[in-house]
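J.: What follows is upload_31.cif, made up of mmCIF, C-alpha atoms:
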data_data
#
loop_
_atom_site.group_PDB
_atom_site.id
_atom_site.type_symbol
_atom_site.label_atom_id
_atom_site.label_comp_id
_atom_site.auth_asym_id
_atom_site.auth_seq_id
_atom_site.Cartn_x
_atom_site.Cartn_y
_atom_site.Cartn_z
ATOM 1 C CA MET A 4 -12.582 -26.514 -12.396
ATOM 2 C CA SER A 5 -9.991 -27.400 -9.777
ATOM 3 C CA ASP A 6 -9.572 -25.541 -6.498
ATOM 4 C CA PHE A 7 -6.044 -24.627 -7.653
ATOM 5 C CA VAL A 8 -7.286 -22.916 -10.818
ATOM 6 C CA ASP A 9 -10.134 -21.225 -8.919
ATOM 7 C CA PHE A 10 -7.693 -19.878 -6.319
ATOM 8 C CA TYR A 11 -5.397 -18.328 -8.900
ATOM 9 C CA ARG A 12 -8.286 -16.927 -10.918
ATOM 10 C CA ASP A 13 -9.422 -15.313 -7.650
ATOM 11 C CA VAL A 14 -5.931 -13.823 -7.094
ATOM 12 C CA ILE A 15 -6.037 -12.160 -10.515
ATOM 13 C CA GLN A 16 -9.599 -10.935 -9.983
ATOM 14 C CA PHE A 17 -8.770 -9.544 -6.525
ATOM 15 C CA HIS A 18 -5.767 -7.583 -7.802
ATOM 16 C CA ASN A 19 -7.788 -6.326 -10.763
ATOM 17 C CA ASP A 20 -10.589 -5.116 -8.464
ATOM 18 C CA HIS A 21 -8.327 -3.859 -5.626
ATOM 19 C CA PRO A 22 -4.951 -3.025 -7.183
ATOM 20 C CA VAL A 23 -2.142 -2.337 -4.752
ATOM 21 C CA GLY A 24 -0.468 1.003 -5.400
ATOM 22 C CA TYR A 25 -3.053 2.246 -7.878
ATOM 23 C CA ASP A 26 -3.229 6.037 -7.690
ATOM 24 C CA GLU A 27 -4.934 8.053 -10.400
ATOM 25 C CA ASN A 28 -2.962 11.175 -9.477
ATOM 26 C CA GLU A 29 -0.344 11.633 -12.138
ATOM 27 C CA CYS A 30 3.248 11.873 -10.998
ATOM 28 C CA LYS A 31 5.792 14.083 -12.699
ATOM 29 C CA ASP A 32 8.373 11.326 -13.201
ATOM 30 C CA SER A 33 6.861 8.153 -14.582
ATOM 31 C CA ILE A 34 7.764 5.264 -16.813
ATOM 32 C CA GLU A 35 5.207 4.444 -19.467
ATOM 33 C CA ALA A 36 4.325 0.809 -20.142
ATOM 34 C CA TYR A 37 2.294 0.408 -23.327
ATOM 35 C CA ASN A 38 1.119 -2.613 -25.279
ATOM 36 C CA PRO A 39 0.382 -1.526 -28.872
ATOM 37 C CA PHE A 40 -1.368 -4.839 -29.628
ATOM 38 C CA CYS A 41 -4.217 -4.346 -27.163
ATOM 39 C CA GLY A 42 -3.939 -0.757 -25.940
ATOM 40 C CA ASP A 43 -3.075 -1.505 -22.299
ATOM 41 C CA GLN A 44 -1.222 1.494 -20.916
ATOM 42 C CA TYR A 45 0.124 2.221 -17.449
ATOM 43 C CA HIS A 46 2.386 4.818 -15.941
ATOM 44 C CA LEU A 47 4.685 3.554 -13.212
ATOM 45 C CA CYS A 48 5.784 6.097 -10.642
ATOM 46 C CA ILE A 49 8.850 4.798 -8.835
ATOM 47 C CA LYS A 50 11.222 6.620 -6.503
ATOM 48 C CA LEU A 51 14.451 4.987 -5.422
ATOM 49 C CA GLU A 52 16.687 5.597 -2.460
ATOM 50 C CA GLY A 53 19.903 3.863 -3.346
ATOM 51 C CA GLN A 54 18.921 0.316 -4.304
ATOM 52 C CA LYS A 55 15.623 0.364 -2.357
ATOM 53 C CA PHE A 56 12.174 1.270 -3.623
ATOM 54 C CA ARG A 57 10.877 4.092 -1.424
ATOM 55 C CA ASP A 58 7.712 5.254 -3.143
ATOM 56 C CA TYR A 59 5.783 3.625 -5.950
ATOM 57 C CA SER A 60 2.395 3.681 -7.585
ATOM 58 C CA PHE A 61 0.785 3.231 -10.971
ATOM 59 C CA TYR A 62 -2.156 4.495 -12.961
ATOM 60 C CA GLY A 63 -3.690 3.802 -16.342
ATOM 61 C CA ASN A 64 -5.907 1.253 -18.042
ATOM 62 C CA GLY A 65 -5.583 -2.336 -19.120
ATOM 63 C CA CYS A 66 -6.940 -5.856 -18.943
ATOM 64 C CA ALA A 67 -7.248 -7.875 -15.740
ATOM 65 C CA LEU A 68 -3.943 -9.664 -16.374
ATOM 66 C CA SER A 69 -1.898 -6.507 -16.845
ATOM 67 C CA LYS A 70 -3.513 -4.709 -13.916
ATOM 68 C CA ALA A 71 -3.140 -7.720 -11.601
ATOM 69 C CA SER A 72 0.509 -8.342 -12.505
ATOM 70 C CA THR A 73 1.328 -4.659 -11.952
ATOM 71 C CA SER A 74 -0.529 -4.718 -8.628
ATOM 72 C CA ILE A 75 1.429 -7.780 -7.472
ATOM 73 C CA LEU A 76 4.639 -6.033 -8.514
ATOM 74 C CA MET A 77 3.712 -2.966 -6.458
ATOM 75 C CA LYS A 78 2.803 -5.130 -3.469
ATOM 76 C CA ASN A 79 6.255 -6.712 -3.433
ATOM 77 C CA LEU A 80 8.515 -3.733 -4.181
ATOM 78 C CA SER A 81 8.831 -2.733 -0.535
ATOM 79 C CA HIS A 82 10.594 -6.032 0.180
ATOM 80 C CA MET A 83 13.058 -5.807 -2.709
ATOM 81 C CA THR A 84 16.155 -4.063 -3.907
ATOM 82 C CA THR A 85 16.399 -3.133 -7.566
ATOM 83 C CA ASP A 86 18.650 -6.153 -8.180
ATOM 84 C CA GLN A 87 16.144 -8.475 -6.497
ATOM 85 C CA PHE A 88 13.350 -7.001 -8.593
ATOM 86 C CA LEU A 89 15.282 -7.499 -11.828
ATOM 87 C CA GLU A 90 16.041 -11.087 -10.835
ATOM 88 C CA ALA A 91 12.352 -11.765 -10.038
ATOM 89 C CA TYR A 92 11.222 -10.144 -13.304
ATOM 90 C CA ASP A 93 13.710 -12.170 -15.345
ATOM 91 C CA ARG A 94 12.568 -15.373 -13.610
ATOM 92 C CA PHE A 95 8.906 -14.552 -14.291
ATOM 93 C CA PHE A 96 9.699 -13.758 -17.938
ATOM 94 C CA GLU A 97 11.594 -17.038 -18.288
ATOM 95 C CA GLN A 98 8.848 -19.093 -16.640
ATOM 96 C CA LEU A 99 6.125 -17.641 -18.857
ATOM 97 C CA GLN A 100 8.026 -19.012 -21.850
ATOM 98 C CA THR A 101 8.473 -22.566 -20.550
ATOM 99 C CA ASP A 102 6.477 -25.574 -21.634
ATOM 100 C CA PRO A 103 3.008 -25.479 -20.004
ATOM 101 C CA ASP A 104 3.549 -29.009 -18.690
ATOM 102 C CA ASN A 105 6.678 -28.006 -16.750
ATOM 103 C CA GLU A 106 6.563 -26.757 -13.179
ATOM 104 C CA PHE A 107 5.954 -23.027 -12.892
ATOM 105 C CA SER A 108 8.441 -21.747 -10.334
ATOM 106 C CA VAL A 109 8.670 -18.041 -9.579
ATOM 107 C CA GLY A 110 9.969 -16.240 -6.512
ATOM 108 C CA ILE A 111 6.768 -14.311 -5.780
ATOM 109 C CA GLU A 112 4.006 -16.743 -4.841
ATOM 110 C CA GLU A 113 1.108 -14.719 -6.260
ATOM 111 C CA LEU A 114 2.760 -14.644 -9.691
ATOM 112 C CA LYS A 115 1.887 -18.336 -9.973
ATOM 113 C CA ALA A 116 -1.602 -17.069 -10.807
ATOM 114 C CA PHE A 117 -0.300 -16.384 -14.315
ATOM 115 C CA GLU A 118 0.832 -19.949 -14.968
ATOM 116 C CA GLY A 119 -2.074 -20.545 -17.358
ATOM 117 C CA VAL A 120 -0.815 -17.807 -19.677
ATOM 118 C CA ARG A 121 1.750 -20.294 -20.974
ATOM 119 C CA ARG A 122 -1.141 -22.053 -22.734
ATOM 120 C CA ASN A 123 -2.243 -18.762 -24.315
ATOM 121 C CA PRO A 124 0.899 -16.991 -25.573
ATOM 122 C CA GLY A 125 -1.154 -14.123 -26.992
ATOM 123 C CA ARG A 126 -1.618 -12.914 -23.413
ATOM 124 C CA PHE A 127 2.095 -13.113 -22.594
ATOM 125 C CA THR A 128 2.689 -9.379 -22.976
ATOM 126 C CA CYS A 129 -0.262 -8.610 -20.681
ATOM 127 C CA CYS A 130 1.603 -10.140 -17.752
ATOM 128 C CA LEU A 131 4.886 -8.404 -18.492
ATOM 129 C CA LEU A 132 3.591 -4.957 -19.313
#
Represent the structure from my file as structure tokens, please.
T.:
Amino acid sequence: MSDFVDFYRDVIQFHNDHPVGYDENECKDSIEAYNPFCGDQYHLCIKLEGQKFRDYSFYGNGCALSKASTSILMKNLSHMTTDQFLEAYDRFFEQLQTDPDNEFSVGIEELKAFEGVRRNPGRFTCCLL
């Protein structure tokens, strides 16, 4: 296996084992993300101040892909406005649907770890949960 593939597998494993923003304390205002096909379920606790993310965490259960993608999201929220987040999410969504032989170009470097999902569309929803 190439160093490139190993590196990105390690990124997913790290975020699965040490998720950024994971807090098992329930918050009173949360958004539920649920995948009925596999049972992955997270609650996202997000507080905004204007267009900036001020406080955020998540809790729940899911596969390594869903937990890692949520962790990477949480890691990057402090640097984004809501518009920047929506733009990054749309770009990630678009890139996951492109031909696996095309370049995978997303704004958040660690999201490149999910490039291989394009070859396994059944895992697509795991990354976008």
J.: Where does the PyMOL selection byres ((chain A and resi 102) around 12) land in this file, that is, which residues does it pick, as number ranges by chain?
T.: A: 97-101, 103-107, 118-124
J.: Find the smallest box with edges along x, y and z containing every listed atom of stretch 62-75 of chain A, then add 5 Å on each side and report centre and edge lengths in Å to one decimal, as JSON.
T.:
{"center_x": -2.9, "center_y": -2.6, "center_z": -13.3, "size_x": 18.7, "size_y": 24.2, "size_z": 21.6}
J.: Given all atoms listed in the file as the basis, pick out the residue of A:Leu47, A:Leu89, A:Leu132, A:Ala71 nearest to A:Lys115.
T.: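 Residue with the minimum atom-to-atom distance to A:Lys115: A:Ala71.
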J.: Between A:Arg126, A:Asp43, A:Arg12, A:Asn79, which residue has the minimum interatomic distance to A:Tyr59, considering all atoms listed in the file?
T.: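 Closest to A:Tyr59 of all the choices is A:Asn79.
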J.: Hey, which of A:Leu68, A:Val23, A:Met77, A:Ile34 ends up closest to A:Ala116? Count all atoms listed in the file.
T.: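 For A:Ala116, the nearest of the given residues is A:Leu68.
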J.: Identify which of the residues A:Thr85, A:Thr128, A:Ser74, A:Asn38 lies closest to A:Gly53, counting only C-alpha atoms when measuring atom-to-atom distances.
T.: A:Thr85
J.: List the neighbours of A:Met83 out to 12 Å using all atoms listed in the file; skip same-chain residues closer than 3 positions along the sequence, and give me the result as a ChimeraX atom specification.
T.: /A:51-57,76-80,86-92,110-111
